Amino acid sequence: MEKDALIAMLNNDLADEHAAIIRYLVHGWMEGEDTPLGSSLISISREEMWHMHWLGMIIGRLGGEIVLTPNPYPHDPSSRETLLHSYIAYEEKLIPHYKEEAEKVDDPQIRRVLQREGWESAVHAKKFARKLKKLKGEEKKGLPQGDGELPKSLIDTLQNEVVDKYTEMLRHMAASWRFQSQEGTIGWEMMDQAMAKMKQLAHFAEDVAEDGGTPKFESGKIDPAQDLKSAIEKAISDVHTARMRHLKLKNDGEFRKHEGLMINLDLTVQQEEYHEEELRSFKDRG
Ligand SMILES: [Fe+2]
Ligand SMILES: [Fe+2]
């Protein structure tokens, strides 16, 4: 298979996995992490994160540009039942899809990854089918109901934070895939930072979802960095801007009324300071 076609194929798979992560996360958060359906959705979404990551690593290694826009995830949001049917259909479609792709590829590692994504999709379809079987009556016909308690201004603030952190995280992750084999372990360390950003993003998004809103997984503009040095520069400026904004947010009257939000915001600010220092140390190393 020709390299450009291979990269395009893998990017399309990555965009499918990206879509699955968001769908299961959003739904899982709406159900609540402490509910059986919610925790199972979030657990499956973590496996989709591996899937996306393996593809990102391969595309990065091939020197390809990573596609950071998710594909659409077709789903019928009428009830839990229709949602689970949509998830089963999505996962089942991926089983032959990955199998066919694996057969077209010569590289044994890429073939293994595609095969695994196929059989793990089969497991996901089975798990969703089991969840569907366990749902009864009202629960089956209904949808998660949010608390609807947070004021609109706070929801807007949280949604803006979701957009910003999501954008920052994607940019960071793409750089860690793209420059994975440069300058020792910097790519690896950037992935470690990206994982913390994912957690920070979750802190903001969970509150939106628990309140009944759909977290805004919309990224801002992501210009892919052309080299590691400019990726690090951009990452420093991103994390610095975010920290300045979050320091201001710590004095926001509405924010201060919510203890859980404040605890996570404090943690985020500390991590952002740590990340900025660490990124600056990469510059000295390079
Ligand atoms: Fe997957
Ligand atoms: Fe899956």
# chains A, B, ... in the order shown; residues from 1 in each chain; ligands from 1
>>> residues_near_ligand(ligand="ligand 2", cutoff="8 Å", atoms="only C-alpha atoms and all ligand atoms", output="CSV table (one decimal) with N, CA and C atoms, in the first residue's frame")
chain,number,residue,atom,x,y,z
A,17,GLU,N,-12.2,6.6,15.9
A,17,GLU,CA,-11.9,6.4,17.3
A,17,GLU,C,-12.1,7.6,18.1
A,20,ALA,N,-15.7,8.1,18.8
A,20,ALA,CA,-16.2,7.1,19.8
A,20,ALA,C,-15.8,7.6,21.2
A,44,ILE,N,-15.1,2.1,28.5
A,44,ILE,CA,-15.0,1.7,27.0
A,44,ILE,C,-14.3,2.9,26.3
A,45,SER,N,-14.7,4.1,26.7
A,45,SER,CA,-14.1,5.3,26.1
A,45,SER,C,-12.5,5.3,26.3
A,47,GLU,N,-10.7,2.7,26.4
A,47,GLU,CA,-10.1,1.8,25.4
A,47,GLU,C,-10.0,2.4,24.0
A,48,GLU,N,-11.0,3.3,23.7
A,48,GLU,CA,-11.0,4.0,22.5
A,48,GLU,C,-9.8,5.0,22.4
A,91,GLU,N,-20.0,-0.2,16.5
A,91,GLU,CA,-18.9,-1.1,16.8
A,91,GLU,C,-18.9,-2.3,15.8
A,117,GLU,N,-7.8,-3.6,17.0
A,117,GLU,CA,-8.9,-2.6,17.0
A,117,GLU,C,-10.2,-3.3,16.6
A,120,GLU,N,-11.2,-5.8,19.4
A,120,GLU,CA,-11.7,-5.0,20.6
A,120,GLU,C,-13.1,-4.3,20.3
A,121,SER,N,-13.3,-4.0,19.0
A,121,SER,CA,-14.6,-3.4,18.7
A,121,SER,C,-15.7,-4.5,18.9
A,122,ALA,N,-15.3,-5.7,18.6
A,122,ALA,CA,-16.3,-6.8,18.8
A,122,ALA,C,-16.6,-7.0,20.3
A,123,VAL,N,-15.6,-6.8,21.1
A,123,VAL,CA,-15.9,-6.9,22.6
A,123,VAL,C,-16.8,-5.7,23.0
A,124,HIS,N,-16.5,-4.5,22.4
A,124,HIS,CA,-17.4,-3.4,22.8
A,124,HIS,C,-18.8,-3.6,22.4
A,125,ALA,N,-19.0,-4.1,21.2
A,125,ALA,CA,-20.4,-4.4,20.7
A,125,ALA,C,-21.1,-5.4,21.7
>>> closest_atom_pairs(of="chain A", to="ligand 1", cutoff="12 Å", atoms="only C-alpha atoms and all ligand atoms", output="tab-separated table")
residue	atom	partner	partner_atom_place_in_ligand_line	distance
A:Asp13	CA	ligand 1	1 (Fe)	8.7
A:Leu14	CA	ligand 1	1 (Fe)	8.8
A:Ala15	CA	ligand 1	1 (Fe)	10.2
A:Asp16	CA	ligand 1	1 (Fe)	7.7
A:Glu17	CA	ligand 1	1 (Fe)	5.1
A:His18	CA	ligand 1	1 (Fe)	8.5
A:Ala19	CA	ligand 1	1 (Fe)	9.4
A:Ala20	CA	ligand 1	1 (Fe)	7.0
A:Ile21	CA	ligand 1	1 (Fe)	8.2
A:Ile22	CA	ligand 1	1 (Fe)	11.6
A:Arg23	CA	ligand 1	1 (Fe)	11.8
A:Tyr24	CA	ligand 1	1 (Fe)	11.0
A:Ser43	CA	ligand 1	1 (Fe)	12.0
A:Ile44	CA	ligand 1	1 (Fe)	8.5
A:Ser45	CA	ligand 1	1 (Fe)	8.2
A:Arg46	CA	ligand 1	1 (Fe)	9.4
A:Glu47	CA	ligand 1	1 (Fe)	6.7
A:Glu48	CA	ligand 1	1 (Fe)	4.3
A:Met49	CA	ligand 1	1 (Fe)	7.7
A:Trp50	CA	ligand 1	1 (Fe)	7.9
A:His51	CA	ligand 1	1 (Fe)	5.2
A:Met52	CA	ligand 1	1 (Fe)	7.3
A:His53	CA	ligand 1	1 (Fe)	10.3
A:Trp54	CA	ligand 1	1 (Fe)	10.4
A:Leu55	CA	ligand 1	1 (Fe)	10.4
A:Tyr87	CA	ligand 1	1 (Fe)	11.3
A:Tyr90	CA	ligand 1	1 (Fe)	9.8
A:Glu91	CA	ligand 1	1 (Fe)	7.6
A:Glu92	CA	ligand 1	1 (Fe)	10.7
A:Lys93	CA	ligand 1	1 (Fe)	11.1
A:Leu94	CA	ligand 1	1 (Fe)	8.1
A:Ile95	CA	ligand 1	1 (Fe)	9.8
A:His97	CA	ligand 1	1 (Fe)	11.6
A:Tyr98	CA	ligand 1	1 (Fe)	9.9
A:Val113	CA	ligand 1	1 (Fe)	10.7
A:Leu114	CA	ligand 1	1 (Fe)	9.8
A:Gln115	CA	ligand 1	1 (Fe)	11.0
A:Arg116	CA	ligand 1	1 (Fe)	9.1
A:Glu117	CA	ligand 1	1 (Fe)	5.6
A:Gly118	CA	ligand 1	1 (Fe)	7.6
A:Trp119	CA	ligand 1	1 (Fe)	9.2
A:Glu120	CA	ligand 1	1 (Fe)	6.8
A:Ser121	CA	ligand 1	1 (Fe)	5.6
A:Ala122	CA	ligand 1	1 (Fe)	9.4
A:Val123	CA	ligand 1	1 (Fe)	9.9
A:His124	CA	ligand 1	1 (Fe)	8.2
A:Ala125	CA	ligand 1	1 (Fe)	10.4
>>> closest_residue(among="A:Ile186, A:Leu25, A:Ala5, A:Val239", to="Arg285 of chain A", atoms="only C-alpha atoms")
A:Ile186
>>> select_by_dssp(residues="segment 17-209 of chain A", states="helix (DSSP H, G or I)", output="ChimeraX atom specification")
/A:17-31,36-61,80-104,108-134,137-141,152-178,186-209
>>> closest_residue(among="A:Asn71, A:Ser230, A:Gln193, A:Gln145", to="Ala209 of chain A", atoms="only C-alpha atoms")
A:Gln145
>>> atom_distance(atom1="atom CA of Met190 of chain A", atom2="atom CA of His172 of chain A")
6.8 Å
>>> residues_around(residues="Lys221 of chain A", least_positions_apart="6", cutoff="10 Å", atoms="only C-alpha atoms", output="mmCIF file with N, CA and C atoms, in the first residue's frame")
data_model
loop_
_atom_site.group_PDB
_atom_site.id
_atom_site.type_symbol
_atom_site.label_atom_id
_atom_site.label_comp_id
_atom_site.auth_asym_id
_atom_site.auth_seq_id
_atom_site.Cartn_x
_atom_site.Cartn_y
_atom_site.Cartn_z
ATOM 1 N N THR A 167 -8.694 21.956 22.724
ATOM 2 C CA THR A 167 -7.804 22.429 21.658
ATOM 3 C C THR A 167 -6.341 22.255 22.073
ATOM 4 N N GLU A 168 -6.043 22.680 23.303
ATOM 5 C CA GLU A 168 -4.677 22.605 23.817
ATOM 6 C C GLU A 168 -4.212 21.145 23.870
ATOM 7 N N ARG A 171 -3.575 19.634 20.329
ATOM 8 C CA ARG A 171 -2.350 20.167 19.738
ATOM 9 C C ARG A 171 -1.122 19.491 20.366
#
>>> residues_around(residues="Trp177 of chain A", least_positions_apart="4", cutoff="7 Å", atoms="only C-alpha atoms", output="list in words")
Gly56, Met57, Gly60, Met173 and Gly187 of chain A
>>> closest_residue(among="A:Leu6, A:Pro224, A:Leu154, A:Glu183", to="Arg256 of chain A", atoms="only C-alpha atoms")
A:Leu154
>>> closest_residue(among="A:Gly213, A:Ser39, A:His240, A:Pro72", to="Gly146 of chain A", atoms="only C-alpha atoms")
A:Gly213
>>> closest_residue(among="A:Asn12, A:Gln180, A:Thr214, A:Thr82", to="Met30 of chain A", atoms="only C-alpha atoms")
A:Thr214
>>> residues_around(residues="Lys199 of chain A", least_positions_apart="6", cutoff="10 Å", atoms="only C-alpha atoms", output="JSON, numbers by chain")
{"A": [165, 169, 205, 264, 268]}
>>> atom_distance(atom1="atom CA of Pro215 of chain A", atom2="atom CA of Leu150 of chain A")
13.9 Å
>>> atom_distance(atom1="atom CA of Leu279 of chain A", atom2="atom CA of Ile236 of chain A")
6.4 Å
>>> residues_around(residues="Thr157 of chain A", least_positions_apart="2", cutoff="12 Å", atoms="only C-alpha atoms", output="list of chain:residue names")
A:Leu150, A:Pro151, A:Lys152, A:Ser153, A:Leu154, A:Ile155, A:Gln159, A:Asn160, A:Glu161, A:Val162, A:Val163, A:Asp164, A:Phe204, A:Ala205, A:Asp207, A:Val208, A:Pro215, A:Lys216, A:Arg245, A:His246, A:Leu249, A:Asp252, A:Glu254, A:Phe255, A:Leu261
